[in-house]
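Next comes protein_20.txt, a file with compact mmCIF, C-alpha atoms.
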# COMPACT_ATOMS: atom_id res chain seq x y z
CA MET A 8 21.62 31.22 48.46
CA ILE A 9 18.82 33.48 49.70
CA LYS A 10 17.70 34.14 46.12
CA LYS A 11 17.48 30.38 45.44
CA ILE A 12 15.32 29.87 48.52
CA ILE A 13 12.99 32.72 47.48
CA VAL A 14 12.66 31.26 43.96
CA LEU A 15 11.92 27.81 45.40
CA ILE A 16 9.20 29.21 47.66
CA LEU A 17 7.59 31.02 44.72
CA VAL A 18 7.59 27.84 42.62
CA VAL A 19 5.93 25.87 45.43
CA LEU A 20 3.27 28.57 45.89
CA VAL A 21 2.47 28.41 42.19
CA LEU A 22 2.34 24.62 42.00
CA ILE A 23 0.26 23.96 45.12
CA PRO A 24 -3.06 25.25 43.62
CA VAL A 25 -2.39 23.28 40.44
CA ILE A 26 -1.77 20.07 42.40
CA ILE A 27 -4.86 20.57 44.57
CA SER A 28 -6.99 21.25 41.49
CA ALA A 29 -5.70 18.11 39.78
CA GLU A 30 -6.44 16.01 42.85
CA GLY A 31 -9.96 17.36 43.06
CA GLN A 32 -10.60 16.60 39.39
CA GLY A 33 -9.25 13.08 39.73
CA ASN A 34 -12.20 12.04 41.89
CA ASN A 35 -14.80 13.00 39.28
CA LEU A 36 -16.00 10.87 36.41
CA PRO A 37 -15.67 12.34 32.91
CA ALA A 38 -18.86 13.99 31.71
CA PRO A 39 -21.02 11.26 30.15
CA GLN A 40 -22.06 11.69 26.52
CA ILE A 41 -25.73 10.86 27.00
CA ASP A 42 -26.57 11.60 23.37
CA ALA A 43 -24.18 8.81 22.35
CA GLY A 44 -26.14 6.31 24.42
CA LEU A 45 -25.93 5.12 28.02
CA SER A 46 -25.73 1.48 28.97
CA LEU A 47 -27.23 0.21 32.21
CA GLU A 48 -23.73 -0.32 33.62
CA GLN A 49 -22.73 3.28 32.82
CA SER A 50 -25.93 4.57 34.40
CA VAL A 51 -25.21 2.66 37.61
CA GLU A 52 -21.63 3.97 37.70
CA ILE A 53 -22.80 7.56 37.29
CA ALA A 54 -25.47 7.17 39.97
CA LEU A 55 -23.06 5.67 42.51
CA ALA A 56 -20.67 8.58 41.96
CA ASN A 57 -23.37 11.27 42.29
CA ASN A 58 -25.88 9.84 44.76
CA ARG A 59 -26.06 11.91 47.94
CA GLN A 60 -26.99 8.94 50.11
CA MET A 61 -23.77 7.26 48.99
CA LEU A 62 -21.80 10.37 49.98
CA ILE A 63 -23.50 10.37 53.38
CA ALA A 64 -22.68 6.67 53.80
CA GLN A 65 -19.02 7.36 53.06
CA GLU A 66 -18.94 10.07 55.71
CA GLY A 67 -20.56 7.57 58.06
CA MET A 68 -17.61 5.23 57.43
CA ASN A 69 -15.19 8.05 58.25
CA TYR A 70 -17.07 8.72 61.49
CA ALA A 71 -17.04 5.02 62.45
CA ASN A 72 -13.29 4.80 61.81
CA GLU A 73 -12.63 7.74 64.11
CA ARG A 74 -14.90 6.26 66.79
CA LEU A 75 -12.74 3.14 66.68
CA ASN A 76 -9.56 5.22 66.92
CA GLU A 77 -10.99 7.04 69.93
CA ALA A 78 -11.95 3.80 71.70
CA SER A 79 -8.60 2.15 70.95
CA ALA A 80 -6.68 5.15 72.32
CA ARG A 81 -8.02 4.39 75.81
CA LYS A 82 -5.79 1.30 75.96
CA TYR A 83 -2.62 3.39 75.85
CA PRO A 84 -1.02 5.74 78.39
CA ALA A 85 -2.41 9.26 78.57
CA PHE A 86 0.14 12.06 78.85
CA SER A 87 -0.62 15.55 80.12
CA SER A 88 1.46 18.54 81.10
CA THR A 89 0.86 21.67 83.12
CA ALA A 90 2.79 24.87 83.66
CA SER A 91 2.03 27.69 86.09
CA TYR A 92 3.43 30.92 87.44
CA THR A 93 2.24 32.57 90.65
CA ARG A 94 3.19 36.00 91.98
CA LEU A 95 2.60 36.56 95.72
CA ASP A 96 2.25 39.93 97.44
CA GLU A 97 4.52 38.77 100.26
CA VAL A 98 5.89 35.60 101.84
CA ALA A 99 6.03 34.48 105.41
CA THR A 100 9.23 35.07 107.42
CA VAL A 101 10.50 32.40 109.81
CA SER A 102 12.68 33.30 112.80
CA MET A 103 14.73 30.54 114.38
CA GLY A 104 16.54 32.57 117.03
CA PRO A 105 18.61 35.72 117.35
CA GLY A 106 20.09 36.57 114.01
CA VAL A 107 18.68 33.50 112.31
CA SER A 108 15.67 34.02 110.05
CA GLY A 109 14.48 33.20 106.59
CA THR A 110 11.51 33.30 104.24
CA MET A 111 9.06 30.53 103.49
CA GLY A 112 9.21 30.39 99.70
CA ASP A 113 9.45 33.27 97.28
CA VAL A 114 7.14 35.89 95.85
CA ASN A 115 7.82 34.39 92.43
CA ASN A 116 6.65 30.77 92.06
CA ALA A 117 6.94 28.67 88.87
CA LYS A 118 6.13 25.04 88.18
CA GLY A 119 6.12 22.67 85.23
CA GLU A 120 4.81 19.09 85.48
CA LEU A 121 4.42 16.07 83.19
CA SER A 122 1.90 13.36 84.13
CA ILE A 123 1.28 9.90 82.74
CA LYS A 124 -1.76 7.76 83.47
CA GLN A 125 -2.16 4.10 82.48
CA SER A 126 -5.26 2.03 83.07
CA ILE A 127 -4.37 -1.33 84.61
CA TYR A 128 -7.88 -2.76 84.99
CA SER A 129 -11.21 -1.19 84.03
CA GLY A 130 -13.63 -4.06 84.60
CA GLY A 131 -13.86 -4.69 80.83
CA ARG A 132 -14.92 -1.14 80.03
CA ILE A 133 -12.11 -0.39 77.57
CA SER A 134 -12.18 -3.72 75.71
CA ALA A 135 -15.97 -3.56 75.42
CA GLY A 136 -15.72 -0.04 74.03
CA VAL A 137 -13.20 -1.13 71.40
CA GLU A 138 -15.29 -4.15 70.43
CA SER A 139 -18.43 -2.01 70.20
CA ALA A 140 -16.61 0.49 67.96
CA LEU A 141 -15.41 -2.36 65.72
CA LEU A 142 -18.95 -3.66 65.40
CA GLY A 143 -20.17 -0.12 64.71
CA ARG A 144 -17.73 0.24 61.85
CA THR A 145 -18.94 -3.08 60.41
CA VAL A 146 -22.54 -1.88 60.75
CA GLN A 147 -21.68 1.27 58.83
CA SER A 148 -19.96 -0.77 56.12
CA ASN A 149 -23.08 -2.91 55.72
CA GLN A 150 -25.29 0.17 55.64
CA LYS A 151 -23.18 1.53 52.80
CA ASP A 152 -23.49 -1.82 51.02
CA ASP A 153 -27.28 -1.78 51.49
CA ILE A 154 -27.55 1.77 50.13
CA THR A 155 -25.40 0.77 47.14
CA LYS A 156 -27.70 -2.12 46.27
CA ARG A 157 -30.82 -0.02 46.64
CA VAL A 158 -29.36 2.73 44.44
CA ILE A 159 -28.55 0.10 41.81
CA PHE A 160 -32.14 -1.18 41.94
CA LEU A 161 -33.55 2.34 41.57
CA VAL A 162 -31.30 2.97 38.58
CA LYS A 163 -32.40 -0.29 36.97
CA LYS A 164 -36.05 0.55 37.52
CA ALA A 165 -35.63 4.06 36.09
CA TYR A 166 -33.70 2.62 33.13
CA TYR A 167 -36.41 0.02 32.44
CA ASP A 168 -39.11 2.70 32.81
CA VAL A 169 -37.53 4.63 29.93
CA LEU A 170 -37.21 1.49 27.79
CA LEU A 171 -40.85 0.55 28.48
CA ASN A 172 -42.17 3.97 27.55
CA GLU A 173 -39.98 4.10 24.44
CA ALA A 174 -41.50 0.77 23.37
CA ILE A 175 -45.05 2.02 24.04
CA VAL A 176 -44.37 5.17 21.99
CA GLU A 177 -43.12 2.97 19.15
CA VAL A 178 -46.26 0.79 19.31
CA ASN A 179 -48.49 3.87 19.24
CA ARG A 180 -46.59 5.34 16.30
CA LYS A 181 -46.93 2.08 14.42
CA SER A 182 -50.66 1.95 15.19
CA GLU A 183 -50.99 5.55 14.04
CA SER A 184 -49.25 4.72 10.78
CA VAL A 185 -51.55 1.76 10.19
CA SER A 186 -54.63 3.89 11.04
CA LYS A 187 -53.54 6.59 8.59
CA ALA A 188 -53.20 3.98 5.86
CA HIS A 189 -56.67 2.63 6.66
CA LEU A 190 -58.16 6.10 6.63
CA GLU A 191 -56.56 6.85 3.28
CA ASN A 192 -57.92 3.62 1.77
CA ILE A 193 -61.40 4.29 3.12
CA ARG A 194 -61.30 7.88 1.84
CA LYS A 195 -60.51 6.57 -1.66
CA LEU A 196 -63.32 3.99 -1.42
CA PHE A 197 -65.70 6.71 -0.17
CA GLU A 198 -64.81 8.92 -3.12
CA GLN A 199 -65.54 5.96 -5.42
CA GLY A 200 -68.86 5.33 -3.67
CA GLN A 201 -67.73 1.98 -2.28
CA SER A 202 -67.70 3.06 1.39
CA SER A 203 -70.16 4.88 3.63
CA ARG A 204 -69.65 8.18 5.38
CA TYR A 205 -70.08 6.36 8.68
CA GLU A 206 -67.05 4.20 7.93
CA LEU A 207 -65.04 7.27 6.97
CA LEU A 208 -65.98 9.04 10.22
CA ARG A 209 -65.30 5.90 12.24
CA ALA A 210 -61.80 5.60 10.75
CA GLN A 211 -61.14 9.30 11.46
CA VAL A 212 -62.20 8.87 15.11
CA GLN A 213 -59.97 5.80 15.40
CA LEU A 214 -56.99 7.75 14.09
CA THR A 215 -57.70 10.69 16.43
CA ASN A 216 -57.87 8.36 19.43
CA ILE A 217 -54.59 6.68 18.52
CA GLN A 218 -52.91 10.06 17.97
CA ALA A 219 -54.05 11.09 21.46
CA MET A 220 -52.53 7.91 22.90
CA ARG A 221 -49.31 8.57 21.00
CA ILE A 222 -49.08 12.15 22.32
CA GLN A 223 -49.77 10.98 25.87
CA SER A 224 -47.15 8.23 25.60
CA GLU A 225 -44.57 10.75 24.36
CA THR A 226 -45.35 12.97 27.35
CA ASN A 227 -44.97 9.98 29.67
CA LEU A 228 -41.64 9.18 28.03
CA GLN A 229 -40.31 12.67 28.70
CA ASN A 230 -41.44 12.42 32.32
CA VAL A 231 -39.68 9.12 32.93
CA LYS A 232 -36.56 10.49 31.24
CA LEU A 233 -36.59 13.36 33.72
CA SER A 234 -37.02 10.89 36.56
CA PHE A 235 -34.12 8.80 35.22
CA MET A 236 -31.84 11.84 35.01
CA ASN A 237 -32.74 12.75 38.59
CA THR A 238 -32.05 9.19 39.77
CA ILE A 239 -28.54 9.05 38.32
CA GLY A 240 -27.78 12.65 39.33
CA LEU A 241 -27.43 14.34 35.93
CA PRO A 242 -28.90 17.76 34.93
CA LEU A 243 -32.57 17.52 33.97
CA GLU A 244 -32.02 19.94 31.09
CA LYS A 245 -30.16 17.21 29.18
CA SER A 246 -33.06 14.74 29.23
CA GLU A 247 -34.10 15.64 25.67
CA ALA A 248 -30.77 14.30 24.34
CA LEU A 249 -30.89 11.11 26.41
CA LYS A 250 -30.38 7.85 24.54
CA LEU A 251 -30.15 4.38 26.04
CA THR A 252 -28.27 1.50 24.46
CA GLY A 253 -29.85 -1.24 26.57
CA LYS A 254 -33.02 -3.19 25.97
CA LEU A 255 -35.58 -5.19 27.89
CA ASN A 256 -34.08 -8.67 28.10
CA LEU A 257 -35.95 -11.85 27.27
CA PRO A 258 -36.30 -14.47 30.02
CA ALA A 259 -33.28 -16.61 30.80
CA GLY A 260 -33.61 -20.36 30.68
CA GLY A 261 -35.21 -21.83 33.76
CA ASP A 262 -36.77 -18.61 35.08
CA GLY A 263 -40.24 -19.80 34.21
CA ALA A 264 -39.76 -23.17 35.90
CA MET A 265 -38.71 -21.97 39.37
CA ASP A 266 -39.86 -24.41 42.03
CA ASP A 267 -39.52 -24.83 45.78
CA LYS A 268 -35.90 -25.89 45.37
CA ASP A 269 -35.09 -22.63 43.57
CA HIS A 270 -36.99 -20.70 46.24
CA SER A 271 -34.98 -22.38 49.02
CA ALA A 272 -31.71 -21.58 47.24
CA LYS A 273 -32.68 -17.92 46.82
CA LEU A 274 -33.73 -17.76 50.47
CA GLU A 275 -30.37 -19.11 51.63
CA GLU A 276 -28.66 -16.60 49.36
CA ALA A 277 -30.68 -13.78 50.92
CA PHE A 278 -29.87 -14.92 54.47
CA HIS A 279 -26.19 -14.96 53.54
CA ASN A 280 -26.04 -11.64 51.64
CA ARG A 281 -28.71 -9.28 52.98
CA ALA A 282 -27.06 -6.26 54.57
CA ASP A 283 -30.08 -5.41 56.72
CA LEU A 284 -29.97 -8.88 58.31
CA LYS A 285 -26.24 -8.54 58.94
CA ILE A 286 -26.85 -5.15 60.54
CA ALA A 287 -29.53 -6.61 62.81
CA GLN A 288 -27.16 -9.38 63.90
CA LEU A 289 -24.36 -6.87 64.51
CA LYS A 290 -26.69 -4.73 66.62
CA ILE A 291 -27.32 -7.77 68.83
CA ASP A 292 -23.55 -8.15 69.32
CA MET A 293 -23.21 -4.42 70.01
CA GLN A 294 -25.95 -4.60 72.62
CA LYS A 295 -24.11 -7.44 74.35
CA GLN A 296 -21.10 -5.15 74.61
CA SER A 297 -23.35 -2.47 76.07
CA ILE A 298 -24.32 -4.92 78.82
CA ILE A 299 -20.64 -5.52 79.55
CA LEU A 300 -20.13 -1.75 79.77
CA ALA A 301 -23.02 -1.44 82.20
CA GLU A 302 -21.67 -4.30 84.33
CA SER A 303 -18.20 -2.70 84.38
CA GLU A 304 -19.60 0.26 86.31
CA GLY A 305 -19.96 -2.04 89.32
CA LYS A 306 -16.39 -3.35 89.13
CA PRO A 307 -13.22 -1.79 90.55
CA ALA A 308 -10.85 0.24 88.38
CA PHE A 309 -7.09 0.43 88.85
CA ASN A 310 -4.85 3.16 87.41
CA LEU A 311 -1.15 3.87 87.63
CA ILE A 312 -0.22 7.55 87.67
CA GLY A 313 3.27 9.01 87.38
CA ASN A 314 4.25 12.66 87.83
CA PHE A 315 7.51 14.44 87.12
CA GLY A 316 8.02 18.14 87.64
CA TYR A 317 10.41 21.05 87.96
CA GLU A 318 9.61 23.95 90.29
CA TYR A 319 10.82 27.16 91.87
CA PRO A 320 11.36 27.35 94.78
CA SER A 321 12.13 23.68 95.28
CA ARG A 322 10.17 21.82 97.91
CA LYS A 323 13.27 19.77 98.68
CA GLU A 324 15.32 22.66 100.13
CA PHE A 325 13.87 24.43 103.14
CA LEU A 326 14.22 28.20 103.42
CA THR A 327 16.02 28.51 100.10
CA GLN A 328 15.12 29.93 96.74
CA ALA A 329 16.35 27.48 94.10
CA TRP A 330 15.01 25.37 91.23
CA GLY A 331 14.50 21.68 91.91
CA ASP A 332 12.84 18.60 90.41
CA TYR A 333 10.43 16.10 91.94
CA TRP A 334 8.57 12.92 90.97
CA SER A 335 5.88 10.65 92.32
CA VAL A 336 4.15 7.38 91.46
CA VAL A 337 0.57 6.73 92.50
CA ALA A 338 -1.36 3.47 92.33
CA ALA A 339 -5.05 4.42 92.53
CA ALA A 340 -8.08 2.17 92.90
CA SER A 341 -11.73 3.15 92.75
CA ILE A 342 -14.41 0.75 93.93
CA PRO A 343 -18.15 1.54 93.80
CA VAL A 344 -19.53 0.71 97.23
CA PHE A 345 -23.22 1.50 97.02
CA GLU A 346 -25.04 2.93 94.01
CA TRP A 347 -28.61 2.57 95.26
CA GLY A 348 -29.49 0.06 92.54
CA ARG A 349 -28.47 2.39 89.70
CA ILE A 350 -26.06 -0.08 88.10
CA LYS A 351 -28.54 -2.98 88.25
CA ALA A 352 -31.21 -0.78 86.69
CA ARG A 353 -28.78 0.20 83.95
CA ILE A 354 -27.99 -3.47 83.27
CA ARG A 355 -31.70 -4.35 83.06
CA GLN A 356 -32.21 -1.51 80.58
CA GLU A 357 -29.45 -2.85 78.34
CA GLU A 358 -30.83 -6.40 78.61
CA SER A 359 -34.24 -5.11 77.50
CA LEU A 360 -32.63 -3.42 74.50
CA LEU A 361 -30.91 -6.73 73.70
CA LYS A 362 -34.27 -8.53 73.60
CA GLN A 363 -35.63 -5.81 71.32
CA ALA A 364 -32.66 -6.26 68.97
CA GLU A 365 -33.20 -10.04 68.90
CA ILE A 366 -36.90 -9.59 68.08
CA ALA A 367 -36.01 -7.09 65.33
CA GLU A 368 -33.61 -9.64 63.82
CA MET A 369 -36.37 -12.28 63.80
CA ASP A 370 -38.73 -9.79 62.15
CA ILE A 371 -36.23 -9.07 59.38
CA ARG A 372 -35.81 -12.81 58.74
CA GLU A 373 -39.55 -13.24 58.31
CA ARG A 374 -39.72 -10.20 56.03
CA ILE A 375 -36.92 -11.62 53.89
CA LYS A 376 -38.84 -14.90 53.56
CA LEU A 377 -41.90 -13.00 52.35
CA GLU A 378 -39.97 -10.81 49.92
CA VAL A 379 -38.07 -13.72 48.37
CA ARG A 380 -41.22 -15.83 47.94
CA GLN A 381 -43.16 -12.97 46.37
CA THR A 382 -40.31 -11.99 44.04
CA VAL A 383 -39.64 -15.55 42.87
CA SER A 384 -43.35 -15.85 42.07
CA SER A 385 -43.23 -12.53 40.18
CA VAL A 386 -40.32 -13.74 38.03
CA ARG A 387 -42.06 -17.02 37.27
CA ASP A 388 -45.41 -15.38 36.49
CA SER A 389 -43.84 -12.71 34.25
CA VAL A 390 -42.16 -15.42 32.15
CA VAL A 391 -45.52 -17.14 31.63
CA LEU A 392 -47.08 -13.79 30.73
CA ILE A 393 -44.37 -13.12 28.12
CA GLU A 394 -44.99 -16.51 26.52
CA THR A 395 -48.75 -15.94 26.31
CA GLN A 396 -48.38 -12.41 24.96
CA THR A 397 -45.89 -13.55 22.32
CA GLU A 398 -48.46 -16.01 21.01
CA ASN A 399 -51.19 -13.40 21.37
CA ILE A 400 -49.28 -10.96 19.11
CA LYS A 401 -48.94 -13.60 16.40
CA GLN A 402 -52.68 -14.27 16.52
CA ALA A 403 -53.52 -10.54 16.52
CA GLU A 404 -51.26 -9.90 13.51
CA GLU A 405 -52.85 -12.77 11.64
CA GLY A 406 -56.32 -11.58 12.63
CA LEU A 407 -55.61 -8.08 11.30
CA ARG A 408 -54.23 -9.48 8.04
CA LEU A 409 -57.35 -11.61 7.49
CA ALA A 410 -59.69 -8.76 8.47
CA GLU A 411 -58.05 -6.39 5.98
CA ILE A 412 -58.30 -8.97 3.21
CA GLY A 413 -61.91 -9.67 4.15
CA TYR A 414 -62.73 -5.96 4.16
CA LYS A 415 -61.28 -5.52 0.66
CA ASN A 416 -63.36 -8.47 -0.54
CA GLY A 417 -66.49 -7.22 1.19
CA VAL A 418 -66.57 -10.06 3.73
CA ASN A 419 -65.60 -8.10 6.88
CA THR A 420 -66.80 -4.72 8.06
CA LEU A 421 -64.60 -1.75 8.88
CA LEU A 422 -65.51 -2.14 12.55
CA GLU A 423 -64.03 -5.63 12.52
CA VAL A 424 -60.82 -4.29 10.96
CA LEU A 425 -60.55 -1.54 13.57
CA ASP A 426 -61.25 -3.98 16.38
CA THR A 427 -58.50 -6.33 15.22
CA GLN A 428 -56.13 -3.37 14.87
CA MET A 429 -56.82 -2.31 18.47
CA ALA A 430 -56.42 -5.92 19.56
CA LEU A 431 -52.94 -5.96 18.00
CA ASP A 432 -52.14 -2.63 19.64
CA THR A 433 -53.21 -3.97 23.04
CA ALA A 434 -51.32 -7.25 22.56
CA SER A 435 -48.14 -5.37 21.61
CA LYS A 436 -48.36 -3.16 24.67
CA ASN A 437 -49.09 -6.12 26.91
CA TYR A 438 -46.01 -7.84 25.52
CA VAL A 439 -43.62 -4.96 26.27
CA GLN A 440 -45.31 -4.53 29.66
CA SER A 441 -44.66 -8.21 30.44
CA LEU A 442 -41.02 -7.80 29.37
CA TYR A 443 -40.78 -4.80 31.70
CA GLN A 444 -42.32 -6.74 34.58
CA TYR A 445 -39.86 -9.59 34.03
CA ASN A 446 -36.79 -7.33 33.98
CA LEU A 447 -38.01 -5.42 37.02
CA ALA A 448 -38.76 -8.67 38.87
CA LYS A 449 -35.23 -9.91 38.11
CA ALA A 450 -33.78 -6.63 39.41
CA ASN A 451 -35.93 -6.92 42.52
CA LEU A 452 -34.80 -10.53 43.00
CA ASP A 453 -31.19 -9.30 43.01
CA LEU A 454 -32.16 -6.72 45.62
CA VAL A 455 -34.06 -9.06 47.98
CA THR A 456 -31.34 -11.73 47.78
CA GLY A 457 -28.59 -9.14 48.36
CA LYS A 458 -26.85 -10.12 45.15

How does the structure come out when it is put into structure tokens?
Amino acid sequence: MIKKIIVLILVVLVLIPVIISAEGQGNNLPAPQIDAGLSLEQSVEIALANNRQMLIAQEGMNYANERLNEASARKYPAFSSTASYTRLDEVATVSMGPGVSGTMGDVNNAKGELSIKQSIYSGGRISAGVESALLGRTVQSNQKDDITKRVIFLVKKAYYDVLLNEAIVEVNRKSESVSKAHLENIRKLFEQGQSSRYELLRAQVQLTNIQAMRIQSETNLQNVKLSFMNTIGLPLEKSEALKLTGKLNLPAGGDGAMDDKDHSAKLEEAFHNRADLKIAQLKIDMQKQSIILAESEGKPAFNLIGNFGYEYPSRKEFLTQAWGDYWSVVAAASIPVFEWGRIKARIRQEESLLKQAEIAEMDIRERIKLEVRQTVSSVRDSVVLIETQTENIKQAEEGLRLAEIGYKNGVNTLLEVLDTQMALDTASKNYVQSLYQYNLAKANLDLVTGK
């Protein structure tokens, strides 16, 4: 039997580290394969799992839960126990006549006691504490929700930054390819005596300038990739292998025609969803509970206290050394009589803090109105910009085509060809920039409306 117990203990000791290790691994996401491509949804998931502010918010929830447990415990009886032993050098002797004497107690004294205390009435102090702790937990929950939404917005922005810079690099590479082709054509014409040295030099300068823009855009792309990796909490060393599967979305139907009705709907959505507004409203309710707590200091408190003990020598038997029990019940009341205005001053302090909380809530409402109006306008304006830049690209492409034909036929100069090429380059960059502004405005609209 003893051998079986020893074997069982050894098996448990071996398995415990394995179980703990498995539990620890279960909370982590599998390592993302960034070279296979990350979607926006995957990026958000990774960021929410790794973001330190999210971890702090979760610990804040744990703290708020324990604050509520502490406040709720005050409603229930409190038990306490004491035990003591006292050794005296000597005890008093009592003489009650010839041949009759005894000792008062014993040199050895022991006592054990159990006490119970139950609050009967606290002037609202306990209930206000519980309600305040409940509101505090709700505040913490909304703070976590607010942090979550802001992390999501930052991930979206970092994701769109990478897509924008990838698009700009692609435009610059395309412009460089076109410039190389132009330079090659002009070099052939120069060798045939059909082009001037000035035109050859001008084409070389154009190509050098575009190559510089391409190199700078590639550097910018690497920088925003590093920023993206930092935002989602992945090692910066892996940024070179980063690939994104998403793209800058085109405007949804109706985004460019937002009117006052759409603005009002978004504003109502923001008032309903915004975590910071909810927190401000909860802080008002919490401050009202603080006033109740301050007022309770001026009200009486009633407690019921019960004691049960066992002692040696017993107090019940005079002049004897024996163990004995005892018990008592106490109804205690405490009433503040005169506090020199302290309680009233405390109440006025809490009332002032309540007014501050109400003003802060009004300020947040006005800020939400401003943010929603500005963001709705940004969405609407970015849609218009996309439409104009789309048409502008078509015109720039056609202009370059005609300029190249005209240059071959001797109608247009090289400078006109290069100008139309740069116009197409600018129009292409403006187009992807407008797409970026639209996607970022939509992400910001989700943030300001608390979606």

Contacts of range 160-172 of chain A at 8 Å or less, counting all atoms listed in the file, minus same-chain residues fewer than 2 places along, as a PyMOL selection string? chain A and resi 47+50-51+54+156-158+174-176+224-225+227-228+231-232+234-235+238-239+251+253-255+439-440+443+446-447+450-451+454

Write the residues you've just listed into a file as a compact mmCIF listing (two decimals), in the frame of the given file, and include C-alpha atoms for each of them.
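Saved result, selection07.txt, follows:
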# COMPACT_ATOMS: atom_id res chain seq x y z
CA LEU A 47 -27.23 0.21 32.21
CA SER A 50 -25.93 4.57 34.40
CA VAL A 51 -25.21 2.66 37.61
CA ALA A 54 -25.47 7.17 39.97
CA LYS A 156 -27.70 -2.12 46.27
CA ARG A 157 -30.82 -0.02 46.64
CA VAL A 158 -29.36 2.73 44.44
CA ALA A 174 -41.50 0.77 23.37
CA ILE A 175 -45.05 2.02 24.04
CA VAL A 176 -44.37 5.17 21.99
CA SER A 224 -47.15 8.23 25.60
CA GLU A 225 -44.57 10.75 24.36
CA ASN A 227 -44.97 9.98 29.67
CA LEU A 228 -41.64 9.18 28.03
CA VAL A 231 -39.68 9.12 32.93
CA LYS A 232 -36.56 10.49 31.24
CA SER A 234 -37.02 10.89 36.56
CA PHE A 235 -34.12 8.80 35.22
CA THR A 238 -32.05 9.19 39.77
CA ILE A 239 -28.54 9.05 38.32
CA LEU A 251 -30.15 4.38 26.04
CA GLY A 253 -29.85 -1.24 26.57
CA LYS A 254 -33.02 -3.19 25.97
CA LEU A 255 -35.58 -5.19 27.89
CA VAL A 439 -43.62 -4.96 26.27
CA GLN A 440 -45.31 -4.53 29.66
CA TYR A 443 -40.78 -4.80 31.70
CA ASN A 446 -36.79 -7.33 33.98
CA LEU A 447 -38.01 -5.42 37.02
CA ALA A 450 -33.78 -6.63 39.41
CA ASN A 451 -35.93 -6.92 42.52
CA LEU A 454 -32.16 -6.72 45.62

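Separating CA of Ala80 in chain A from CA of Lys124 in chain A is a distance of 12.5 Å.
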
So which residues touch Leu300 in chain A within 6 Å, counting all atoms listed in the file, skipping near sequence neighbours fewer than 3 positions away, as a PDB file with C-alpha atoms, in the frame of the given file?
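result.pdb was written with the following content:
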ATOM      1  CA  ARG A 132     -14.920  -1.140  80.030  1.00  0.00           C
ATOM      2  CA  SER A 297     -23.350  -2.470  76.070  1.00  0.00           C
ATOM      3  CA  SER A 303     -18.200  -2.700  84.380  1.00  0.00           C
TER       4      SER A 303
END

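Minimum atom-to-atom distance to Ser148 in chain A, evaluated using all atoms listed in the file, belongs to A:Gln65 out of A:Gln65, A:Ser122, A:Ser182, A:Gln229.
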
Would you list the residues near (-20.1, -10.7, 77.9) (no more than 12 Å away, in the coordinates of the file, using all atoms listed in the file) as an MDAnalysis selection string? chainID A and resid 130:132 134:135 138:139 291:303 354 358

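You can rank A:Ser46, A:Thr382, A:Thr456, A:Gln402 by their closest distance to Lys250 in chain A using all atoms listed in the file, and at the top of that list sits A:Ser46.
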
For Gly417 in chain A, which residue out of A:Pro307, A:Gln223, A:Gln201, A:Asp269 is the nearest one, using only C-alpha atoms? A:Gln201

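Counting only C-alpha atoms and comparing A:Asn216, A:Thr397, A:Gln444, A:Ser184, the residue that lies closest to Ser384 in chain A is A:Gln444.
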
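Once Arg374 in chain A and its same-chain neighbours fewer than 5 positions away are set aside, Leu274, Ala277, Phe278, Arg281, Asp283, Leu284, Ala367, Glu368, Met369, Val379, Arg380, Gln381, Val455 and Thr456 of chain A remain within 12 Å of it when counting all atoms listed in the file.
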
Which residues are near Ile393 in chain A? Cut-off 7 Å, all atoms listed in the file, ignore same chain within fewer than 3 positions. Put them as a PDB file with C-alpha atoms, in the coordinates of the input.
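Contents of the output file result_14.pdb:
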ATOM      1  CA  SER A 389     -43.840 -12.710  34.250  1.00  0.00           C
ATOM      2  CA  VAL A 390     -42.160 -15.420  32.150  1.00  0.00           C
ATOM      3  CA  GLN A 396     -48.380 -12.410  24.960  1.00  0.00           C
ATOM      4  CA  THR A 397     -45.890 -13.550  22.320  1.00  0.00           C
ATOM      5  CA  TYR A 438     -46.010  -7.840  25.520  1.00  0.00           C
ATOM      6  CA  SER A 441     -44.660  -8.210  30.440  1.00  0.00           C
ATOM      7  CA  LEU A 442     -41.020  -7.800  29.370  1.00  0.00           C
TER       8      LEU A 442
END

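Between CA of Tyr83 in chain A and CA of Ser129 in chain A lies a distance of 12.7 Å.
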
Enter the distance from CA of Gln60 in chain A to CA of Ala287 in chain A, in Å, rounded to one decimal. 20.2 Å

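Minimum atom-to-atom distance to Lys362 in chain A, evaluated using all atoms listed in the file, belongs to A:Lys290 out of A:Leu409, A:Thr252, A:Ala78, A:Lys290.
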
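Excluding range 418-431 of chain A itself and any same-chain residue fewer than 4 positions from it, the protein and nucleic acid residues within 9 Å of it, counting all atoms listed in the file, are Ser182, Val185, Ser186, His189, Ile193, Glu206, Arg209, Ala210, Gln213, Asn399, Ile400, Lys401, Gln402, Ala403, Glu404, Gly406, Leu407, Arg408, Leu409, Ala410, Glu411, Ile412, Gly413, Tyr414, Ser435 and Lys436 of chain A.
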
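Across A:Arg349, A:Lys449, A:Lys376, A:Arg322, the tightest approach to Met111 in chain A is made by A:Arg322 when counting all atoms listed in the file.
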